[in-house]
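What follows is a single structure, written as structure tokens, with notes after it.
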Amino acid sequence: MSKLAISLLFAVTAATTLAQDPRQIIAEVQKRQNSASQRYEGTLEVIGGGNRVATKSWTYLRLGSFGDSKARLEFTAPADVKGVGMLIVNHADRASDQWMWRPNIGRDQRISLQDRSTRFFGTDFSFEDLEERDVEQYDFKLLADEGAMWKIESRPRKKSQYTYSYFWIKKDNYTFQKVESYDAKGLVRVVDYKDYAQVKSIWTARTTEVYDMRRNSRTILKYDKLDYNLPIKEEQFTLQALRRGL
Amino acid sequence: MILLRLISWPYARKHLLRVVLTMAGIVLGVAVFVGMHTANQSVLAAFHQTIDRIAGSTQIQVSSGEAGFEEDVLERVRALPEVKAAAPVIEAAANTGQGNLLILGVDMLGDRSLRNYDLEGTDDAIDDPLVFLAQADSIIITKPFAEQRNLAIGAKIPMRTMQGDQVFTVRGIMKPGGLASAFGGSLAIMDIYAAQKVFGRGFKFDRVDIALEDGVSIDTAITKIQALLGPGFQVEPPSSRGQQFEATSSIYALASNLTSVFALFIGMFIIYNTFAIAVSERRSEIGILRALGATRGQIRTLFLTESAVSGLIGTLLGVLFGIALARGMAGYIGGLLSEVYGVAQGASEVNPEPWLLAAAVVMGLATSLIAAVLPARSAAAVDPVKALQKGRQQSLSDGENRTRRRWALACAVASVIAFLFSNVGWLFYGGYMLAILTAVLLSPAMSLWFAKALRPILAFVRPVEGTLAADSLIQSPRRTSGTITALMLSLALVISLGGLARASYDSLNDWMKIALNPDLFVTTAESVTARSFVFPASLGEGLRSVPGVAEVQFVRSVRLPIKGTPIMVVALDIASLERHAKLPAVEGDESTMYREVAAGKGVIASENFARLHGARFGEVLQIAGPAETLHLPIIGIVRDFSDQQGSIVMDRATYIRAFHDDSVNVYRLYLSPGAEEAKVRQTILDTYGHTQRLFVLTNKDVRDFVNRLTDQWFGLTYVQIAVAVLVAILGIVNALTVSITDRRRELGVLQAVGGLRNQIRHTIWMEAVAIGIIGLGLGLVLGAVQLYYSVEVARRDLIGVEIGYAFPFQMVFIMAPIILGAAFVAALGPAESAVRGSLVEALEYE
């Protein structure tokens with residue numbers, strides 16, 4: 001379920017109505033963040049051991065409704081990673097298909113299911129975190145009503161690197177505030193959503209921070225030039241288009 | 001125990017030099033045995049450890065010999081529910097600007113589920129994983145490698161790749177230990193898709209490493225994966241990867257066993273000789289003991305215990321020397337691995353295994369005890385009355401000699417019978433042992449005969465000294481027969497090894513004249529046997545158009561499992577091979593077999609493949625490729641030295657069909673008449689050398705390379721020869737030292753009656769040289785027999801090729817002066833001791 005949550009990094013959230021059933025709450029979150037397309041320019045800061053900071057930029061495109069969308073991202077800076085791209089095709093009923101393109105190697109490479117728990121290009125996300133999965137692929141339990149927020153537990157019905165996750169969802173606008181993801185050994189990742197603002201009536205976090213609890217490192221993703229419902233063509237979400245670049 | 005302390009220890013202390021020399025044979029035999037086996041085992045263990053480290057948590061590996069396979073195999077394997085993780089690998093050795101490296105091309109995304117890279121730095125990241133993946137020049141090296149060469153993150157490593165000269169950038173350094181210790185740290189990691197380009201692999205992987213889901217048994221998974229992929233793939237645990245090296249090292253193990261056995265056998269005769277003399281010397285002592293009530297059994301036990309103690313001490317010293325020898329040999333044997341992997345395998349720990357130590361103790365003790373049985377029996381037979389009478393001798397050996405000759409005759413007859421039925425393995429080896437035993441049993445009688453034959457010659461050279469020397473040998477055959485037997489065995493070993501080496505070189509030269517006759521060889525490495533890099537077939541088309549090139553042979557050499565062993569398969573245009581390098585058939589019709597192989601109707605097998613792997617002419621071989629499983633009969637057998645384990649030659653078109661592999665290891669070029677070799681070579685380098693890794697070797701370069709390789713392989717033979725010569729020399733020194741001590745009274749009497757010091761000296765010198773001559777004579781005869789058996793052993797079990805019998809006269813010319821010179825030098829000390837010692841003491845001796 002954390003995939004569902006973290007994917008909001010790329011398809012950002014919104015909120016309004018109230019509901020007490022955890023599945024309905026999550027469905028409402030998805031509904032409020034839904035858009036026909038999305039585009040932003042992201043800046044990644046990976047802060048590793050010794051506070052060493054690596055900064056990268058990418059451009060992100062998404063087309064289609066939640067759980068059945070297609071997404072592309074392409075690194076734009078620094079120069080030695082420019083052109084590296086990803087194509088993600090999400091499916092409502094199963095894990096997404098993902099491909100990576102490396103212009104210097106000249107090869108596209110399918111990211112196999114077994115590799116989805118691998119860190120995404122040295123960030124604190126995993127490839128699995130890039131996926132969108134439909135609400136029906138999880139079981140939910142409302143753990144607590146914490147005043148302004150609900151705390152909901154989610155457990156994936158299909159194979160995932162996470163055993164369960166906890167979500168904190170703000171009641172007034174149905175936005176994710178925090179996600180903790182666990183595996184059999186304990187806490188793996190914590191995601192904080194910050195700097196919410198409305199973009200075309202959709203509540204959108206402008207900053208996301210991901211903490212890798214095992215490696216003691218964090219990644220900060222900032223969204224610039226974020227916009228929804230832009231005219232983006234279907235042809236941009238093919239392997240040929242990935243090889244051509246944005 | 002009391003007897004040992006009161007009787008044996010004072011005697012040993014008095015004859016310390018003799019004791020040391022006596023033990024030398026055991027020390028050498030045990031040292032060679034322990035040294036070679038420890039070195040072999042240590043390198044093998046280190047190699048298996050390397051395999052384990054590279055394998056990581058891999059439980060099963062999928063490969064298709066060395067031919068590689070299409071990328072889609074990976075997805076097919078990953079789709080199986082039993083498979084938890086599957087990662088593709090390209091593994092190849094490369095000579096970089098910073099030394100040889102075994103390069104693992106891996107998928108950096110998924111490979112960490114199988115291997116732990118344990119990288120330097122506070123986080124476990126490569127300097128920047130995205131940059132590593134994005135840049136094709138990224139490489140990870142190990143900390144030991146980096147430290148040895150003073151490399152850091154960002155350092156550049158130049159390498160000649162199949163896309164020309166490239167510079168790689170160090171973007172990660174693995175911490176020492178684990179994977180980083182494989183091949184002593186000479187290991188590097190690169191992205192698999194970059195590695196495909198570097199090594200010219202196209203869109204192929206070398207293998208897929210697999211980890212299974214919890215609870216899935218390896219056998220079940222192997223069955224399932226094998227069924228999925230078909231017979232063209234090898235699905236096995238990583239531990240199976242040592243086969244090639246094990247086959248190589250087992251030959252060394254066998255050869256070292258033979259040397260050890262010979263050294264111990266020779267040592268046995270030295271011990272026998274010493275104890276036989278000790279029994280003569282200590283007759284009065286034995287007589288006194290017997291008179292005081294010691295039983296025959298106690299006397300026998302005393303001598304056997306003495307021998308056991310000296311054998312034990314010799315064994316322990318041998319073990320220590322063996323461990324020291326192993327440390328030196330480990331590097332040498334490890335170097336042999338570079339032929340298999342391109343990177344030498346060192347052994348981090350060189351320690352003998354417990355079973356080896358136990359075997360060494362048993363061997364050393366058994367040798368000592370067997371050697372002392374006859375002298376101990378003689379000692380037990382001493383009559384106390386005769387022994388205590390001054391000047392009274394007791395003949396102890398007449399009966400022994402007769403028995404020995406009878407046994408010799410029986411052994412000779414049995415050996416001949418075994419020879420007649422030598423096609424049966426155990427009868428052949430039995431006959432071999434019996435032939436050696438015959439020579440050993442006949443040796444005393446032959447020594448006596450030789451000594452008698454030498455007497456007039458020695459007397460002619462120096463009437464007094466020569467006669468005295470010859471008589472000394474004739475009258476005391478017991479004193480020298482052991483030494484002569486030891487010398488004979490040593491020389492036989494030297495001659496057989498030398499003959500084997502000579503014949504091998506001759507056979508190789510004959511083969512090279514035909515098989516390696518192209519004018520130029522375009523290769524991917526300085527070595528023609530390296531197979532890490534491969535050329536695309538398109539290069540061959542380009543080479544055809546180079547002015548001066550008349551014909552280009554495309555050669556693909558890959559090791560593929562045939563009859564359960566990785567065998568070298570050479571695929572090339574057979575019609576062209578027939579035109580230029582037609583090897584004479586050992587079996588099969590030379591006029592038709594090449595045409596049939598060209599038509600894809602069969603294969604040509606090398607003689608050593610047929611012998612070592614029990615393949616027969618006409619037998620249908622299964623050669624399974626990813627695309628097709630071939631069933632091809634052997635329609636010709638030729639003498640080919642391409643590979644130690646044998647080789648199979650097949651048509652290139654047939655190979656490509658079954659393996660979907662049109663890459664090339666070597667282009668063999670025949671030039672047009674009048675074309676200048678140097679000019680063509682330069683044109684090729686100018687045209688293609690800048691865009692891809694390429695070496696152009698001349699015919700002489702390749703022959704020199706093969707000769708160097710052969711020298712390396714025969715390196716151990718020279719060690720064996722050195723050991724044999726050393727033991728022979730030790731034997732002579734021992735015999736003379738014993739002889740002089742034994743004859744101190746006799747020599748004192750000679751001096752007392754007016755013998756000049758020079759006459760004494762000359763007598764001893766001549767006796768020494770005579771021992772050398774007799775040993776040489778017998779050694780040459782036994783050497784001729786031993787060479788026959790060695791050639792047969794090589795043909796049957798070592799290299800599988802009939803290399804011909806060629807008596808190494810050159811070796812005899814080298815050995816004769818060495819042995820005679822050693823005999824003379826060995827006599828100098830004892831001769832001086834004899835003439836300079838106190839006359840009174842000498843006359844009081846005994």
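Chain labels A, B, ... are given in the sequence in which chains occur in the structure tokens; within each chain residues are numbered consecutively from 1, and ligands are likewise numbered from 1 in the order shown.
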Could you write out as a VMD selection string the residues of chain A within 9 Å of chain B, counting only C-alpha atoms?
-> chain A and resid 48 to 50 54 80 to 84 101 to 107 111 to 116 118 to 123 215 to 217
Keeping only N, CA and C atoms, write those residues as a JSON list (two decimals), in the first residue's frame.
[["chain", "number", "residue", "atom", "x", "y", "z"],
["A", 48, "GLY", "N", 22.92, 11.44, 1.78],
["A", 48, "GLY", "CA", 23.42, 10.15, 2.26],
["A", 48, "GLY", "C", 24.29, 10.30, 3.48],
["A", 49, "GLY", "N", 25.11, 9.26, 3.71],
["A", 49, "GLY", "CA", 26.01, 9.25, 4.85],
["A", 49, "GLY", "C", 26.96, 10.44, 4.79],
["A", 50, "GLY", "N", 27.29, 10.99, 5.95],
["A", 50, "GLY", "CA", 28.20, 12.13, 6.00],
["A", 50, "GLY", "C", 27.57, 13.37, 5.39],
["A", 54, "ALA", "N", 23.49, 14.61, -3.19],
["A", 54, "ALA", "CA", 23.52, 14.47, -4.65],
["A", 54, "ALA", "C", 22.21, 15.04, -5.18],
["A", 80, "ASP", "N", 25.83, 14.11, -16.62],
["A", 80, "ASP", "CA", 26.21, 12.69, -16.80],
["A", 80, "ASP", "C", 25.06, 11.71, -16.59],
["A", 81, "VAL", "N", 23.87, 12.22, -16.22],
["A", 81, "VAL", "CA", 22.72, 11.31, -16.15],
["A", 81, "VAL", "C", 21.60, 11.77, -17.09],
["A", 82, "LYS", "N", 21.83, 12.83, -17.80],
["A", 82, "LYS", "CA", 20.81, 13.39, -18.67],
["A", 82, "LYS", "C", 20.36, 12.37, -19.71],
["A", 83, "GLY", "N", 19.08, 12.26, -19.87],
["A", 83, "GLY", "CA", 18.55, 11.35, -20.89],
["A", 83, "GLY", "C", 18.13, 10.00, -20.35],
["A", 84, "VAL", "N", 18.55, 9.67, -19.12],
["A", 84, "VAL", "CA", 18.12, 8.39, -18.55],
["A", 84, "VAL", "C", 16.63, 8.50, -18.25],
["A", 101, "TRP", "N", 15.60, 3.34, -19.74],
["A", 101, "TRP", "CA", 16.36, 3.64, -20.97],
["A", 101, "TRP", "C", 17.64, 4.38, -20.59],
["A", 102, "ARG", "N", 18.79, 3.83, -21.08],
["A", 102, "ARG", "CA", 20.06, 4.49, -20.80],
["A", 102, "ARG", "C", 20.72, 4.85, -22.14],
["A", 103, "PRO", "N", 20.69, 6.13, -22.50],
["A", 103, "PRO", "CA", 21.17, 6.51, -23.84],
["A", 103, "PRO", "C", 22.64, 6.15, -24.10],
["A", 104, "ASN", "N", 23.48, 6.22, -23.06],
["A", 104, "ASN", "CA", 24.90, 5.91, -23.29],
["A", 104, "ASN", "C", 25.15, 4.44, -23.54],
["A", 105, "ILE", "N", 24.30, 3.60, -22.98],
["A", 105, "ILE", "CA", 24.42, 2.16, -23.22],
["A", 105, "ILE", "C", 23.66, 1.82, -24.50],
["A", 106, "GLY", "N", 22.61, 2.61, -24.78],
["A", 106, "GLY", "CA", 21.81, 2.38, -26.00],
["A", 106, "GLY", "C", 20.88, 1.20, -25.85],
["A", 107, "ARG", "N", 20.48, 0.90, -24.61],
["A", 107, "ARG", "CA", 19.61, -0.26, -24.41],
["A", 107, "ARG", "C", 18.44, 0.12, -23.51],
["A", 111, "ILE", "N", 12.39, -3.64, -16.15],
["A", 111, "ILE", "CA", 12.65, -3.82, -14.72],
["A", 111, "ILE", "C", 11.78, -4.99, -14.27],
["A", 112, "SER", "N", 12.42, -6.09, -13.94],
["A", 112, "SER", "CA", 11.63, -7.29, -13.63],
["A", 112, "SER", "C", 11.00, -7.14, -12.25],
["A", 113, "LEU", "N", 10.00, -7.96, -12.00],
["A", 113, "LEU", "CA", 9.28, -7.89, -10.72],
["A", 113, "LEU", "C", 10.22, -8.14, -9.55],
["A", 114, "GLN", "N", 11.18, -9.06, -9.76],
["A", 114, "GLN", "CA", 12.09, -9.38, -8.65],
["A", 114, "GLN", "C", 12.98, -8.20, -8.27],
["A", 115, "ASP", "N", 13.12, -7.24, -9.20],
["A", 115, "ASP", "CA", 14.01, -6.10, -8.92],
["A", 115, "ASP", "C", 13.27, -4.88, -8.38],
["A", 116, "ARG", "N", 11.96, -5.01, -8.17],
["A", 116, "ARG", "CA", 11.17, -3.82, -7.82],
["A", 116, "ARG", "C", 11.50, -3.27, -6.43],
["A", 118, "THR", "N", 14.46, -2.92, -5.39],
["A", 118, "THR", "CA", 15.75, -2.24, -5.50],
["A", 118, "THR", "C", 15.55, -0.73, -5.42],
["A", 119, "ARG", "N", 16.52, -0.06, -4.85],
["A", 119, "ARG", "CA", 16.43, 1.41, -4.76],
["A", 119, "ARG", "C", 16.39, 2.02, -6.16],
["A", 120, "PHE", "N", 15.56, 2.99, -6.28],
["A", 120, "PHE", "CA", 15.39, 3.63, -7.57],
["A", 120, "PHE", "C", 16.55, 4.61, -7.82],
["A", 121, "PHE", "N", 17.51, 4.16, -8.62],
["A", 121, "PHE", "CA", 18.65, 4.98, -9.03],
["A", 121, "PHE", "C", 19.34, 5.69, -7.86],
["A", 122, "GLY", "N", 19.52, 4.98, -6.78],
["A", 122, "GLY", "CA", 20.27, 5.54, -5.66],
["A", 122, "GLY", "C", 19.48, 6.48, -4.78],
["A", 123, "THR", "N", 18.18, 6.65, -5.07],
["A", 123, "THR", "CA", 17.35, 7.47, -4.18],
["A", 123, "THR", "C", 16.85, 6.58, -3.03],
["A", 215, "ARG", "N", 19.17, 2.56, 5.95],
["A", 215, "ARG", "CA", 20.40, 3.18, 5.47],
["A", 215, "ARG", "C", 20.67, 4.52, 6.14],
["A", 216, "ASN", "N", 19.67, 4.98, 6.89],
["A", 216, "ASN", "CA", 19.78, 6.27, 7.54],
["A", 216, "ASN", "C", 20.08, 7.38, 6.52],
["A", 217, "SER", "N", 19.31, 7.38, 5.47],
["A", 217, "SER", "CA", 19.47, 8.44, 4.47],
["A", 217, "SER", "C", 18.09, 8.96, 4.09]]
Quick one: residues within 9 Å of Arg300 (chain B), only C-alpha atoms counted, chain neighbours fewer than 5 positions away excluded, as a list in words?
->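 Result of the neighbour search: Thr295, Thr305, Val373, Pro375, Ala376, Arg377, Ser378, Ala379, Ala380 and Ala381 of chain B.
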Any chance you could export the current selection's N, CA and C atoms as a CSV table (one decimal), in the first residue's frame?
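Output below, filename again14.csv:
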chain,number,residue,atom,x,y,z
B,295,THR,N,66.5,-62.0,22.5
B,295,THR,CA,66.0,-63.0,21.6
B,295,THR,C,66.1,-62.5,20.1
B,305,THR,N,62.5,-50.9,14.8
B,305,THR,CA,62.2,-49.6,15.5
B,305,THR,C,63.1,-48.5,15.1
B,373,VAL,N,63.2,-54.4,6.6
B,373,VAL,CA,62.8,-55.8,6.9
B,373,VAL,C,63.9,-56.8,6.7
B,375,PRO,N,67.3,-56.3,6.3
B,375,PRO,CA,68.4,-56.1,7.2
B,375,PRO,C,68.1,-56.6,8.7
B,376,ALA,N,66.8,-56.3,9.1
B,376,ALA,CA,66.4,-56.8,10.5
B,376,ALA,C,66.4,-58.3,10.6
B,377,ARG,N,66.0,-58.9,9.5
B,377,ARG,CA,66.0,-60.4,9.5
B,377,ARG,C,67.4,-60.9,9.6
B,378,SER,N,68.3,-60.3,8.8
B,378,SER,CA,69.7,-60.7,8.8
B,378,SER,C,70.3,-60.5,10.2
B,379,ALA,N,69.9,-59.4,10.8
B,379,ALA,CA,70.4,-59.1,12.2
B,379,ALA,C,70.0,-60.1,13.1
B,380,ALA,N,68.7,-60.5,13.0
B,380,ALA,CA,68.1,-61.6,13.9
B,380,ALA,C,68.8,-62.9,13.7
B,381,ALA,N,69.3,-63.1,12.5
B,381,ALA,CA,69.9,-64.4,12.2
B,381,ALA,C,71.4,-64.5,12.6
Of the candidates B:Ala735, B:Leu560, B:Leu493, B:Ile299, which shows the shortest atom-to-atom distance to Ser260 (chain B), using only C-alpha atoms?
->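 Comparing B:Ala735, B:Leu560, B:Leu493, B:Ile299 against Ser260 (chain B), the winner is B:Leu493.
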Residues flagged alpha helix (DSSP H) by DSSP in region 407-600 of chain B, as JSON, numbers by chain = {"B": [407, 408, 409, 410, 411, 412, 413, 414, 415, 416, 417, 418, 419, 420, 425, 426, 427, 428, 429, 430, 431, 432, 433, 434, 435, 436, 437, 438, 439, 440, 441, 442, 443, 444, 445, 446, 447, 448, 449, 450, 451, 452, 453, 454, 455, 456, 457, 458, 459, 460, 461, 463, 464, 465, 466, 467, 468, 469, 470, 471, 472, 473, 474, 475, 477, 478, 479, 480, 481, 482, 483, 484, 485, 486, 487, 488, 489, 490, 491, 492, 493, 494, 495, 496, 497, 498, 499, 500, 501, 502, 503, 504, 505, 506, 507, 508, 509, 510, 511, 512, 513, 514, 515, 537, 538, 539, 540, 541, 542, 543, 544, 574, 575, 576, 577, 578, 579, 580, 590, 591, 592, 593, 594, 595, 596, 597, 598]}
Within 10 Å of Val597 (chain B) using only C-alpha atoms, minus same-chain residues under 5 positions, as a ChimeraX atom specification = /B:573-575,592,602-604,632-636,649-652,654
Expected file contents, prior selection, N, CA and C atoms, as a short mmCIF file (atom, residue, chain, number, x, y, z; two decimals), in the first residue's frame:
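Resulting contents of out28.cif:
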data_model
loop_
_atom_site.label_atom_id
_atom_site.label_comp_id
_atom_site.auth_asym_id
_atom_site.auth_seq_id
_atom_site.Cartn_x
_atom_site.Cartn_y
_atom_site.Cartn_z
N ASP B 573 35.17 -23.50 -41.18
CA ASP B 573 34.84 -23.94 -42.53
C ASP B 573 35.70 -25.16 -42.86
N ILE B 574 35.07 -26.34 -42.87
CA ILE B 574 35.83 -27.59 -43.00
C ILE B 574 36.46 -27.71 -44.40
N ALA B 575 35.78 -27.20 -45.40
CA ALA B 575 36.34 -27.29 -46.76
C ALA B 575 37.67 -26.56 -46.81
N THR B 592 37.38 -38.84 -47.47
CA THR B 592 35.95 -38.49 -47.45
C THR B 592 35.49 -37.78 -46.17
N GLY B 602 28.74 -35.23 -39.54
CA GLY B 602 29.50 -35.80 -38.44
C GLY B 602 30.55 -34.83 -37.94
N VAL B 603 31.39 -35.33 -37.05
CA VAL B 603 32.47 -34.49 -36.50
C VAL B 603 33.79 -35.26 -36.57
N ILE B 604 34.87 -34.50 -36.45
CA ILE B 604 36.19 -35.13 -36.33
C ILE B 604 36.61 -34.96 -34.87
N LEU B 632 25.75 -36.17 -33.82
CA LEU B 632 26.71 -36.32 -34.92
C LEU B 632 27.70 -37.44 -34.64
N PRO B 633 27.88 -38.34 -35.60
CA PRO B 633 28.83 -39.43 -35.38
C PRO B 633 30.28 -38.95 -35.56
N ILE B 634 31.19 -39.64 -34.89
CA ILE B 634 32.62 -39.36 -35.09
C ILE B 634 33.02 -40.06 -36.38
N ILE B 635 33.30 -39.28 -37.42
CA ILE B 635 33.64 -39.93 -38.69
C ILE B 635 35.12 -39.80 -39.01
N GLY B 636 35.86 -39.32 -38.06
CA GLY B 636 37.31 -39.28 -38.23
C GLY B 636 37.97 -39.00 -36.89
N VAL B 649 36.06 -31.20 -33.86
CA VAL B 649 36.01 -30.24 -34.97
C VAL B 649 34.69 -30.44 -35.71
N MET B 650 33.96 -29.35 -35.89
CA MET B 650 32.70 -29.46 -36.63
C MET B 650 32.57 -28.30 -37.61
N ASP B 651 31.63 -28.43 -38.51
CA ASP B 651 31.47 -27.38 -39.52
C ASP B 651 30.81 -26.15 -38.89
N ARG B 652 31.27 -25.00 -39.32
CA ARG B 652 30.79 -23.74 -38.73
C ARG B 652 29.27 -23.55 -38.95
N THR B 654 26.96 -25.77 -39.24
CA THR B 654 26.21 -26.65 -38.34
C THR B 654 26.19 -26.07 -36.94
#
